[in-house]
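Colleague: work.tsv (TSV, C-alpha atoms and all ligand atoms) pasted underneath:
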```tsv
chain	number	residue	atom	x	y	z
I	1	MET	CA	10.43	-5.39	19.11
I	2	THR	CA	9.15	-3.62	16.03
I	3	ILE	CA	11.73	-1.53	14.19
I	4	ARG	CA	10.94	1.95	12.90
I	5	LEU	CA	12.35	2.44	9.41
I	6	ALA	CA	12.96	5.83	7.80
I	7	ALA	CA	12.10	6.43	4.14
I	8	ALA	CA	15.76	5.83	3.25
I	9	ALA	CA	15.43	2.24	4.53
I	10	LEU	CA	12.78	1.33	1.96
I	11	ASP	CA	14.94	-1.53	0.65
I	12	GLN	CA	14.97	-3.12	4.08
I	13	ALA	CA	11.17	-2.81	4.38
I	14	ALA	CA	10.74	-4.48	0.98
I	15	ALA	CA	13.17	-7.29	1.90
I	16	LEU	CA	11.16	-7.99	5.06
I	17	LEU	CA	7.94	-8.22	3.02
I	18	ARG	CA	9.59	-10.57	0.53
I	19	ALA	CA	10.73	-12.73	3.46
I	20	GLY	CA	7.10	-13.06	4.59
I	21	GLU	CA	7.33	-10.60	7.50
I	22	LEU	CA	4.71	-7.95	8.34
I	23	VAL	CA	5.58	-4.29	7.67
I	24	ALA	CA	3.28	-1.34	8.33
I	25	PHE	CA	3.58	1.45	5.77
I	26	PRO	CA	2.03	4.84	5.05
I	27	THR	CA	-0.58	5.40	2.35
I	28	GLU	CA	-2.41	8.60	1.46
I	29	THR	CA	-5.39	7.41	3.56
I	30	VAL	CA	-4.12	5.62	6.70
I	31	TYR	CA	-1.20	3.32	7.58
I	32	GLY	CA	-1.57	-0.25	6.28
I	33	LEU	CA	-0.38	-3.47	7.92
I	34	GLY	CA	1.32	-5.12	4.95
I	35	GLY	CA	2.12	-8.74	4.22
I	36	ASP	CA	2.72	-10.88	1.11
I	37	ALA	CA	-0.77	-11.46	-0.31
I	38	THR	CA	0.34	-14.63	-2.10
I	39	SER	CA	1.49	-16.28	1.14
I	40	ASP	CA	-1.10	-18.02	3.34
I	41	GLU	CA	1.29	-17.73	6.30
I	42	SER	CA	1.77	-13.97	5.91
I	43	VAL	CA	-1.94	-13.34	5.43
I	44	ALA	CA	-2.77	-15.49	8.47
I	45	ALA	CA	-0.19	-13.49	10.46
I	46	ILE	CA	-1.96	-10.23	9.50
I	47	PHE	CA	-5.27	-11.53	10.92
I	48	ALA	CA	-3.47	-12.64	14.09
I	49	ALA	CA	-1.57	-9.35	14.61
I	50	LYS	CA	-4.80	-7.32	14.27
I	51	GLY	CA	-7.01	-9.75	16.18
I	52	ARG	CA	-9.26	-9.51	13.10
I	53	PRO	CA	-12.09	-12.01	12.55
I	54	ARG	CA	-11.19	-14.36	9.68
I	55	PHE	CA	-14.48	-13.65	7.90
I	56	ASN	CA	-13.47	-10.04	7.19
I	57	PRO	CA	-11.42	-9.90	3.93
I	58	LEU	CA	-8.38	-7.68	3.24
I	59	ILE	CA	-7.58	-5.07	0.59
I	60	VAL	CA	-4.71	-6.08	-1.72
I	61	HIS	CA	-2.38	-3.27	-2.81
I	62	LEU	CA	-0.66	-3.06	-6.21
I	63	SER	CA	1.98	-0.67	-7.54
I	64	ARG	CA	0.37	-0.37	-10.98
I	65	ALA	CA	-3.17	-0.60	-12.34
I	66	ASP	CA	-2.09	-2.83	-15.25
I	67	GLN	CA	-1.26	-5.62	-12.76
I	68	ALA	CA	-4.91	-5.90	-11.69
I	69	GLU	CA	-6.07	-8.24	-14.47
I	70	ARG	CA	-3.74	-11.01	-13.23
I	71	PHE	CA	-5.71	-11.09	-10.02
I	72	ALA	CA	-9.28	-10.04	-10.83
I	73	GLN	CA	-11.80	-9.81	-13.65
I	74	ILE	CA	-11.85	-6.26	-14.97
I	75	ASP	CA	-15.05	-5.20	-16.72
I	76	SER	CA	-15.55	-1.84	-18.45
I	77	ARG	CA	-16.91	-0.18	-15.28
I	78	ALA	CA	-13.83	-1.28	-13.32
I	79	ALA	CA	-11.49	-0.19	-16.11
I	80	ARG	CA	-13.07	3.28	-16.14
I	81	LEU	CA	-12.79	3.72	-12.39
I	82	MET	CA	-9.18	2.46	-12.33
I	83	GLN	CA	-8.24	4.84	-15.10
I	84	ARG	CA	-9.88	7.80	-13.38
I	85	PHE	CA	-9.02	7.20	-9.71
I	86	TRP	CA	-5.85	5.06	-9.47
I	87	PRO	CA	-3.46	5.70	-7.90
I	88	GLY	CA	-5.89	6.93	-5.25
I	89	PRO	CA	-8.17	6.19	-2.31
I	90	LEU	CA	-10.56	3.83	-4.12
I	91	SER	CA	-10.76	0.06	-3.45
I	92	LEU	CA	-12.61	-2.08	-5.96
I	93	VAL	CA	-14.22	-5.39	-5.02
I	94	LEU	CA	-14.02	-7.59	-8.13
I	95	ARG	CA	-14.40	-11.26	-8.98
I	96	ARG	CA	-11.15	-13.18	-8.56
I	97	ALA	CA	-9.44	-14.12	-11.82
I	98	PRO	CA	-9.14	-17.81	-12.68
I	99	ARG	CA	-5.84	-19.07	-11.17
I	100	CYS	CA	-5.51	-15.91	-9.06
I	101	PRO	CA	-2.32	-16.46	-7.01
I	102	ILE	CA	-3.55	-14.43	-4.03
I	103	SER	CA	-4.20	-16.35	-0.82
I	104	LEU	CA	-7.88	-17.32	-0.44
I	105	LEU	CA	-7.60	-16.21	3.17
I	106	ALA	CA	-7.26	-12.60	1.96
I	107	SER	CA	-10.71	-13.00	0.35
I	108	ALA	CA	-12.09	-14.61	3.52
I	109	GLY	CA	-13.70	-17.39	1.52
I	110	LEU	CA	-15.50	-15.06	-0.94
I	111	ASP	CA	-14.99	-15.36	-4.71
I	112	THR	CA	-14.10	-11.65	-4.80
I	113	LEU	CA	-11.01	-9.59	-4.11
I	114	ALA	CA	-10.58	-5.93	-3.08
I	115	LEU	CA	-7.78	-4.17	-5.00
I	116	ARG	CA	-6.27	-0.72	-4.84
I	117	VAL	CA	-3.24	1.28	-6.02
I	118	PRO	CA	-2.41	3.82	-3.29
I	119	ALA	CA	-1.38	7.41	-4.13
I	120	HIS	CA	1.64	7.67	-1.84
I	121	PRO	CA	5.20	7.77	-3.22
I	122	LEU	CA	6.67	5.63	-0.41
I	123	ALA	CA	3.89	3.05	-0.64
I	124	LEU	CA	4.24	2.81	-4.42
I	125	GLU	CA	8.02	2.40	-4.23
I	126	LEU	CA	7.67	-0.20	-1.46
I	127	LEU	CA	5.13	-2.17	-3.53
I	128	ARG	CA	7.40	-1.98	-6.57
I	129	LEU	CA	10.44	-3.24	-4.62
I	130	ALA	CA	8.45	-5.95	-2.84
I	131	ASP	CA	7.50	-7.11	-6.34
I	132	ARG	CA	4.29	-8.85	-5.29
I	133	PRO	CA	0.74	-7.91	-4.28
I	134	ILE	CA	0.60	-6.79	-0.64
I	135	ALA	CA	-2.44	-7.38	1.57
I	136	ALA	CA	-2.84	-4.42	3.92
I	137	PRO	CA	-5.72	-3.71	6.27
I	138	SER	CA	-5.45	-0.57	8.38
I	139	ALA	CA	-2.60	-1.03	10.90
I	140	ASN	CA	-4.70	-0.95	14.07
I	141	ARG	CA	-6.06	-3.65	16.37
I	142	SER	CA	-9.42	-4.84	15.04
I	143	GLY	CA	-12.29	-2.49	15.97
I	144	ARG	CA	-10.05	0.43	16.94
I	145	VAL	CA	-9.31	3.77	15.30
I	146	SER	CA	-7.15	3.61	12.13
I	147	PRO	CA	-3.58	4.96	12.44
I	148	THR	CA	-2.46	8.09	10.59
I	149	THR	CA	1.11	8.21	11.99
I	150	ALA	CA	3.85	5.63	12.68
I	151	ASP	CA	3.45	6.35	16.42
I	152	HIS	CA	-0.23	5.35	16.25
I	153	VAL	CA	0.84	2.06	14.65
I	154	LEU	CA	3.44	1.36	17.32
I	155	SER	CA	1.04	2.20	20.16
I	156	GLU	CA	-1.07	-0.85	19.23
I	157	LEU	CA	1.17	-3.22	17.26
I	158	ASP	CA	4.67	-2.85	18.77
I	159	GLY	CA	6.10	-6.35	19.11
I	160	HIS	CA	3.46	-7.85	16.80
I	161	ILE	CA	4.97	-6.77	13.44
I	162	ALA	CA	8.56	-6.68	12.13
I	163	ALA	CA	8.71	-3.00	11.16
I	164	VAL	CA	6.88	0.23	10.48
I	165	LEU	CA	7.99	2.47	7.63
I	166	ASP	CA	7.67	6.04	8.90
I	167	GLY	CA	6.39	8.41	6.22
I	168	GLY	CA	4.91	11.05	8.53
I	169	PRO	CA	1.19	11.80	8.84
I	170	CYS	CA	-1.25	10.58	6.17
I	171	ARG	CA	-2.61	13.28	3.84
I	172	ILE	CA	-6.27	12.20	3.58
I	173	GLY	CA	-6.82	10.63	6.99
I	174	VAL	CA	-9.85	8.39	6.32
I	175	GLU	CA	-9.72	4.98	4.62
I	176	SER	CA	-10.37	4.38	0.92
I	177	THR	CA	-13.86	4.31	-0.53
I	178	VAL	CA	-14.85	0.67	-1.17
I	179	ILE	CA	-17.04	-0.05	-4.21
I	180	ASP	CA	-18.30	-3.56	-4.97
I	181	LEU	CA	-18.44	-4.21	-8.71
I	182	SER	CA	-18.82	-7.98	-8.44
I	183	GLY	CA	-22.57	-7.88	-9.07
I	184	ARG	CA	-24.79	-6.20	-11.63
I	185	THR	CA	-25.36	-3.06	-9.53
I	186	PRO	CA	-22.34	-1.25	-8.07
I	187	LEU	CA	-22.57	-1.04	-4.27
I	188	LEU	CA	-21.00	1.51	-1.95
I	189	LEU	CA	-19.58	-0.73	0.80
I	190	ARG	CA	-17.71	2.06	2.60
I	191	PRO	CA	-17.68	5.83	2.01
I	192	GLY	CA	-14.07	7.02	2.12
I	193	GLY	CA	-11.31	9.14	0.65
I	194	ILE	CA	-13.03	9.69	-2.72
I	195	ALA	CA	-16.20	11.74	-2.40
I	196	THR	CA	-19.30	9.68	-3.24
I	197	GLU	CA	-20.52	12.57	-5.45
I	198	GLU	CA	-17.46	12.10	-7.71
I	199	LEU	CA	-18.11	8.38	-8.10
I	200	GLU	CA	-21.82	8.88	-8.71
I	201	ALA	CA	-20.99	11.32	-11.51
I	202	LEU	CA	-19.44	8.32	-13.30
I	203	LEU	CA	-21.55	5.38	-12.09
I	204	GLY	CA	-24.94	6.93	-11.39
I	205	PRO	CA	-26.57	6.73	-7.94
I	206	LEU	CA	-24.75	4.27	-5.66
I	207	ALA	CA	-26.74	1.89	-3.49
I	208	ALA	CA	-25.63	0.73	-0.07
I	209	PRO	CA	-25.67	-3.04	0.50
I	210	SER	CA	-29.14	-4.36	1.38
I	211	PRO	CA	-29.71	-7.25	3.83
I	212	GLU	CA	-29.58	-9.71	0.87
I	213	ASP	CA	-26.12	-8.37	-0.02
I	214	ALA	CA	-24.86	-8.94	3.54
I	215	PRO	CA	-22.65	-11.91	2.63
I	216	ARG	CA	-20.88	-9.69	0.09
I	217	ALA	CA	-20.19	-6.99	2.68
I	218	PRO	CA	-18.78	-8.80	5.70
I	219	GLY	CA	-16.83	-5.76	6.92
I	220	MET	CA	-19.83	-3.56	7.64
I	221	LEU	CA	-19.79	-4.12	11.40
I	222	ALA	CA	-21.88	-1.54	13.22
I	223	SER	CA	-19.32	-0.94	15.97
I	224	HIS	CA	-15.87	-0.04	14.71
I	225	TYR	CA	-13.26	2.71	14.78
I	226	ALA	CA	-14.02	2.98	18.47
I	227	PRO	CA	-12.19	5.03	21.09
I	228	SER	CA	-12.68	3.93	24.72
I	229	LEU	CA	-14.69	7.02	25.71
I	230	PRO	CA	-18.36	7.42	24.72
I	231	LEU	CA	-18.88	9.67	21.71
I	232	ARG	CA	-21.76	12.18	21.65
I	233	LEU	CA	-22.61	13.17	18.07
I	234	ASN	CA	-24.25	16.33	16.64
I	235	ALA	CA	-23.41	18.23	19.82
I	236	THR	CA	-24.57	21.84	19.91
I	237	ARG	CA	-23.70	22.39	23.60
I	238	VAL	CA	-21.09	20.80	25.89
I	239	GLU	CA	-20.66	19.65	29.47
I	240	PRO	CA	-17.67	20.97	31.48
I	241	SER	CA	-16.41	17.39	31.84
I	242	GLU	CA	-16.43	16.72	28.10
I	243	ALA	CA	-13.83	17.11	25.37
I	244	LEU	CA	-15.13	18.81	22.23
I	245	LEU	CA	-14.30	18.11	18.59
I	246	ALA	CA	-15.33	21.36	16.95
I	247	PHE	CA	-16.12	22.08	13.30
I	248	GLY	CA	-16.53	25.57	11.88
I	249	GLY	CA	-16.31	29.00	13.49
I	250	ASP	CA	-18.88	29.08	16.27
I	251	ALA	CA	-18.25	26.25	18.67
I	252	PRO	CA	-20.15	25.98	21.97
I	253	VAL	CA	-18.01	27.13	24.88
I	254	GLY	CA	-17.35	25.41	28.21
I	255	ALA	CA	-15.75	22.10	27.23
I	256	LYS	CA	-12.81	20.90	29.33
I	257	GLU	CA	-10.71	20.88	26.14
I	258	THR	CA	-11.58	21.80	22.53
I	259	HIS	CA	-9.83	20.60	19.36
I	260	TRP	CA	-10.85	21.92	15.94
I	261	LEU	CA	-11.36	19.37	13.18
I	262	SER	CA	-11.46	22.45	10.96
I	263	LYS	CA	-12.00	26.08	11.99
I	264	ASP	CA	-12.95	26.98	8.40
I	265	GLY	CA	-15.55	24.22	8.12
I	266	ASP	CA	-13.40	22.38	5.54
I	267	VAL	CA	-14.37	18.68	5.41
I	268	ASP	CA	-11.05	17.61	3.81
I	269	GLU	CA	-9.10	19.23	6.64
I	270	ALA	CA	-11.48	17.63	9.16
I	271	ALA	CA	-10.90	14.17	7.66
I	272	ALA	CA	-7.13	14.60	7.92
I	273	HIS	CA	-7.44	15.47	11.64
I	274	LEU	CA	-10.22	13.07	12.65
I	275	PHE	CA	-8.41	9.91	13.80
I	276	ALA	CA	-5.44	11.67	15.44
I	277	MET	CA	-7.82	13.90	17.44
I	278	LEU	CA	-10.04	10.98	18.48
I	279	ARG	CA	-6.90	9.28	19.81
I	280	ALA	CA	-5.61	12.42	21.52
I	281	LEU	CA	-8.92	13.04	23.30
I	282	ASP	CA	-9.48	9.42	24.36
I	283	ARG	CA	-8.41	10.17	27.96
I	284	ALA	CA	-9.81	9.13	31.33
I	285	ASP	CA	-10.07	12.75	32.54
I	286	PHE	CA	-13.03	13.38	30.19
I	287	THR	CA	-16.47	11.80	30.54
I	288	ALA	CA	-17.16	11.80	26.80
I	289	ILE	CA	-16.06	13.26	23.46
I	290	ALA	CA	-18.73	15.59	22.06
I	291	VAL	CA	-18.58	16.13	18.29
I	292	MET	CA	-20.25	19.01	16.45
I	293	PRO	CA	-22.40	18.21	13.38
I	294	ILE	CA	-20.39	17.56	10.18
I	295	PRO	CA	-22.07	18.26	6.81
I	296	GLU	CA	-22.92	15.17	4.75
I	297	ARG	CA	-20.99	16.28	1.65
I	298	GLY	CA	-17.59	15.32	0.16
I	299	LEU	CA	-15.44	13.55	2.76
I	300	GLY	CA	-18.08	14.52	5.35
I	301	ARG	CA	-19.88	11.27	4.39
I	302	ALA	CA	-16.84	9.20	5.39
I	303	ILE	CA	-16.34	11.24	8.57
I	304	ASN	CA	-19.97	10.75	9.64
I	305	ASP	CA	-19.82	7.03	8.81
I	306	ARG	CA	-16.74	6.58	11.06
I	307	LEU	CA	-18.25	8.73	13.82
I	308	ARG	CA	-21.51	6.74	13.81
I	309	ARG	CA	-19.61	3.46	14.08
I	310	ALA	CA	-17.32	4.87	16.77
I	311	ALA	CA	-20.42	5.92	18.74
I	312	THR	CA	-22.03	2.46	18.50
I	313	ARG	CA	-21.13	0.09	21.29
U	1	LIG	O1	-7.51	3.15	2.91
U	1	LIG	C1	-7.61	1.93	3.06
U	1	LIG	O2	-8.44	1.24	2.45
U	1	LIG	C2	-6.64	1.26	4.04
U	1	LIG	C3	-5.22	1.42	3.48
U	1	LIG	C4	-4.19	0.72	4.31
U	1	LIG	O3	-5.19	0.98	2.15
U	1	LIG	N1	-6.98	-0.11	4.25
U	1	LIG	C5	-8.10	-0.47	4.95
U	1	LIG	O4	-8.27	-1.85	5.09
U	1	LIG	O5	-8.87	0.33	5.42
U	1	LIG	P1	-9.30	-2.49	6.12
U	1	LIG	O6	-9.01	-3.95	6.10
U	1	LIG	O7	-9.19	-1.82	7.42
U	1	LIG	O8	-10.69	-2.28	5.44
U	1	LIG	C6	-11.03	-3.01	4.29
U	1	LIG	C7	-12.51	-3.00	4.08
U	1	LIG	C8	-13.22	-3.82	5.11
U	1	LIG	O9	-14.43	-3.18	5.43
U	1	LIG	C9	-13.48	-5.14	4.36
U	1	LIG	O10	-14.60	-5.81	4.85
U	1	LIG	C10	-13.69	-4.64	2.94
U	1	LIG	O11	-12.77	-3.58	2.79
U	1	LIG	N2	-13.35	-5.70	1.98
U	1	LIG	C11	-12.13	-6.17	1.64
U	1	LIG	N3	-12.23	-7.17	0.74
U	1	LIG	C12	-13.54	-7.33	0.48
U	1	LIG	C13	-14.30	-8.21	-0.35
U	1	LIG	N4	-13.70	-9.14	-1.12
U	1	LIG	N5	-15.64	-8.09	-0.36
U	1	LIG	C14	-16.25	-7.15	0.42
U	1	LIG	N6	-15.59	-6.29	1.23
U	1	LIG	C15	-14.26	-6.38	1.27
U	2	MG	MG	-9.66	-1.05	9.22
```
Show how you would write the structure in this file as structure tokens.
Modeller:
Amino acid sequence: MTIRLAAAALDQAAALLRAGELVAFPTETVYGLGGDATSDESVAAIFAAKGRPRFNPLIVHLSRADQAERFAQIDSRAARLMQRFWPGPLSLVLRRAPRCPISLLASAGLDTLALRVPAHPLALELLRLADRPIAAPSANRSGRVSPTTADHVLSELDGHIAAVLDGGPCRIGVESTVIDLSGRTPLLLRPGGIATEELEALLGPLAAPSPEDAPRAPGMLASHYAPSLPLRLNATRVEPSEALLAFGGDAPVGAKETHWLSKDGDVDEAAAHLFAMLRALDRADFTAIAVMPIPERGLGRAINDRLRRAATR
């Protein structure tokens, strides 16, 4: 049985992590499935609990940016991004530092490491009390939709992890943006909680990984974040048997059930609702989930990325 811990039981959550156990915890993006990143056993247990392929590396979470240089090589680009966006929804893929104490399993055999400092008071306090780097992929079974509440975590991982720290719903709702700085050109591995426009203002235009970069981007699986029902994207009309995820004022009428990602056409609000609504509508009494077009700006990029992967099967 997995125990649900309230914010007041933070000490207990940290003690479990120090003892090598797995504890899911809230971040500003989604819930993470945390384990001691310096322990091979704990990191292996994370892969097992998620059913995650061992070739897909994990993000390591720190409580302070100044801890990063113990674990990874920080160049001036990385330093600038850390200064500007940490704590926050940005993960940086960097070369591992010499004598980096983090389990090689967390890097999945690569000579790089993804690091981030989350902007969530409970997460930061948990990381501080755990007093070690914490590896934390999203707390869902591999290939499924990321969790934005403690109930989502328990629906897939109950019995597979020691505890979940309940901090209520996540504010941003999509995972962190992942930027690879391990090569000469920065690569956008995953659009996420920081708008690409904001990063490009600092770094210049960001390239996506090309086929030659594939070994550096093992997590870019086409099918991911998938509900069980088929997803129909860019819907401008609906079938009576379908559920509709609507965006903006004028939604097509006639769906069996309609949920608004955002009535005002606000992409931030839509991101915060996306995963919870995909879960809520993933029911056998619909034939499909139709989703209205989402603009490709701000967090809309991350939303469209997740929707495309969720629609691929
Ligand atoms: O918002 C988030 O990033 C959440 C919260 C819990 O922090 N975590 C998360 O982790 O989404 P996960 O494991 O679901 O996604 C991590 C992504 C994967 O696509 C993985 O392939 C990529 O980051 N990644 C991690 N380490 C990497 C590395 N060394 N090189 C390339 N990609 C890496
Ligand atoms: Mg994930």
Colleague: Please check which residues have atoms at most 10 Å from (-26.8, -3.6, -8.7) in the file's coordinates, counting all atoms listed in the file, and write them as a VMD selection string.
Modeller: chain I and resid 180 to 187 206 to 209 213
Colleague: Rounded to one decimal place, report the CA of Arg216 (chain I)-atom N5 of ligand LIG 1 (chain U) distance in Å.
Modeller: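 For CA of Arg216 (chain I) relative to atom N5 of ligand LIG 1 (chain U), the distance reads 5.5 Å.
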Colleague: So which residues touch region 291-294 of chain I within 10 Å, counting all atoms listed in the file, skipping near sequence neighbours fewer than 5 positions away, as a PyMOL selection string?
Modeller: chain I and resi 231-238+243-248+251-252+258-261+265-267+270+278+299-301+303-304+307
Colleague: Which residues, written as number ranges by chain, have at least one atom at most 10 Å from Pro147 (chain I), with all atoms listed in the file counted and residues fewer than 4 positions away on the same chain left out?
Modeller: I: 26, 29-32, 138-141, 151-156, 169-170, 173-175, 275-276, 279
Colleague: Report the distance between atom O6 of ligand LIG 1 (chain U) and CA of Gly35 (chain I) in Å, rounded to one decimal place.
Modeller: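 CA of Gly35 (chain I) lies at a distance of 12.3 Å from atom O6 of ligand LIG 1 (chain U).
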Colleague: Work out how far CA of Glu257 (chain I) is from CA of Phe286 (chain I), in Å to one decimal.
Modeller: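 According to the coordinates, CA of Phe286 (chain I) and CA of Glu257 (chain I) are separated by 8.8 Å.
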Colleague: Counting only C-alpha atoms, figure out which residue out of I:Ile179, I:Ala255, I:Leu105, I:Ala311 gets nearest to Leu203 (chain I).
Modeller: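 With only C-alpha atoms as the atom set, the closest residue is I:Ile179.
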Colleague: Please provide as a PyMOL selection string all residues within 7 Å of Pro87 (chain I), with the sequence filter that same-chain residues fewer than 5 positions apart are discarded (counting all atoms listed in the file).
Modeller: chain I and resi 117-119
Colleague: Using only C-alpha atoms, please write the residues we just selected to a file, as an mmCIF file, in the frame of the given file.
Modeller:
```cif
data_model
loop_
_atom_site.group_PDB
_atom_site.id
_atom_site.type_symbol
_atom_site.label_atom_id
_atom_site.label_comp_id
_atom_site.auth_asym_id
_atom_site.auth_seq_id
_atom_site.Cartn_x
_atom_site.Cartn_y
_atom_site.Cartn_z
ATOM 1 C CA VAL I 117 -3.240 1.280 -6.020
ATOM 2 C CA PRO I 118 -2.410 3.820 -3.290
ATOM 3 C CA ALA I 119 -1.380 7.410 -4.130
#
```
Colleague: Hey, which of I:Thr149, I:Phe55, I:Glu269, I:Ala123 ends up closest to Met220 (chain I)? Count only C-alpha atoms.
Modeller: I:Phe55
Colleague: Neighbourhood query: residues within 8 Å of (12.2, -1.2, 14.5), file coordinates, counting all atoms listed in the file; return as a list in words.
Modeller: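 Those residues lying close to the given coordinates are Met1, Thr2, Ile3, Arg4, Leu5, Ala162, Ala163 and Val164 of chain I.
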Colleague: Near Leu104 (chain I), within 9 Å and counting all atoms listed in the file, which residues show up once chain neighbours fewer than 4 positions away are dropped, as a ChimeraX atom specification?
Modeller: /I:38,40,108-111
Colleague: Can you list, as a PyMOL selection string, every protein, DNA or RNA residue that comes within 12 Å of Thr312 (chain I) when you count all atoms listed in the file, leaving out same-chain residues fewer than 3 positions away?
Modeller: chain I and resi 143+221-233+305-309
Colleague: Enclose all atoms of region 37-45 of chain I listed in the file in an axis-aligned box, grow every side by 8 Å, and hand back centre and edge lengths in Å to one decimal, as lines of an AutoDock Vina configuration file.
Modeller:
```
center_x = -0.5
center_y = -14.7
center_z = 4.2
size_x = 20.5
size_y = 22.6
size_z = 28.6
```
Colleague: Measuring between only C-alpha atoms and all ligand atoms, which one of I:Ala136, I:Ala9, I:Ala130, I:Val43 shows the shortest distance to ligand MG 2 (chain U)?
Modeller: I:Ala136
Colleague: Given all atoms listed in the file as the basis, pick out the residue of I:Glu200, I:Glu212, I:Glu28, I:Asp66 nearest to ligand LIG 1 (chain U).
Modeller: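 Smallest separation from ligand LIG 1 (chain U) among the options: I:Glu28.
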Colleague: Tell me which of I:Val145, I:Leu188, I:Ala114, I:Ala68 sits closest to ligand MG 2 (chain U), counting all atoms listed in the file.
Modeller: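 Looking only at the distances to ligand MG 2 (chain U), the closest residue turns out to be I:Val145.
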Colleague: Give me region 48-53 of chain I with all heavy atoms filled in, as an mmCIF file, keeping the file's coordinate frame.
Modeller:
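Output contents, as saved in rebuild_2.cif:
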```
data_model
loop_
_atom_site.group_PDB
_atom_site.id
_atom_site.type_symbol
_atom_site.label_atom_id
_atom_site.label_comp_id
_atom_site.auth_asym_id
_atom_site.auth_seq_id
_atom_site.Cartn_x
_atom_site.Cartn_y
_atom_site.Cartn_z
ATOM 1 N N ALA I 48 -3.846 -12.416 12.692
ATOM 2 C CA ALA I 48 -3.470 -12.640 14.090
ATOM 3 C C ALA I 48 -2.981 -11.339 14.737
ATOM 4 O O ALA I 48 -3.379 -11.009 15.860
ATOM 5 C CB ALA I 48 -2.391 -13.721 14.173
ATOM 6 N N ALA I 49 -2.136 -10.574 14.026
ATOM 7 C CA ALA I 49 -1.570 -9.350 14.610
ATOM 8 C C ALA I 49 -2.671 -8.328 14.913
ATOM 9 O O ALA I 49 -2.604 -7.601 15.905
ATOM 10 C CB ALA I 49 -0.536 -8.733 13.662
ATOM 11 N N LYS I 50 -3.704 -8.276 14.066
ATOM 12 C CA LYS I 50 -4.800 -7.320 14.270
ATOM 13 C C LYS I 50 -5.871 -7.831 15.223
ATOM 14 O O LYS I 50 -6.684 -7.057 15.702
ATOM 15 C CB LYS I 50 -5.510 -7.040 12.926
ATOM 16 C CG LYS I 50 -4.878 -5.975 12.080
ATOM 17 C CD LYS I 50 -5.748 -5.686 10.865
ATOM 18 C CE LYS I 50 -7.066 -4.996 11.168
ATOM 19 N NZ LYS I 50 -7.064 -3.549 11.139
ATOM 20 N N GLY I 51 -5.884 -9.169 15.452
ATOM 21 C CA GLY I 51 -7.010 -9.750 16.180
ATOM 22 C C GLY I 51 -8.269 -9.608 15.349
ATOM 23 O O GLY I 51 -9.365 -9.358 15.859
ATOM 24 N N ARG I 52 -8.140 -9.736 14.014
ATOM 25 C CA ARG I 52 -9.260 -9.510 13.100
ATOM 26 C C ARG I 52 -9.996 -10.808 12.844
ATOM 27 O O ARG I 52 -9.378 -11.846 12.632
ATOM 28 C CB ARG I 52 -8.726 -8.964 11.790
ATOM 29 C CG ARG I 52 -9.791 -8.684 10.719
ATOM 30 C CD ARG I 52 -9.085 -8.024 9.558
ATOM 31 N NE ARG I 52 -9.873 -7.701 8.425
ATOM 32 C CZ ARG I 52 -10.041 -6.451 7.960
ATOM 33 N NH1 ARG I 52 -9.523 -5.439 8.622
ATOM 34 N NH2 ARG I 52 -10.704 -6.236 6.861
ATOM 35 N N PRO I 53 -11.342 -10.783 12.863
ATOM 36 C CA PRO I 53 -12.090 -12.010 12.550
ATOM 37 C C PRO I 53 -11.766 -12.476 11.129
ATOM 38 O O PRO I 53 -11.682 -11.659 10.211
ATOM 39 C CB PRO I 53 -13.558 -11.584 12.656
ATOM 40 C CG PRO I 53 -13.585 -10.164 13.081
ATOM 41 C CD PRO I 53 -12.195 -9.631 13.151
#
```
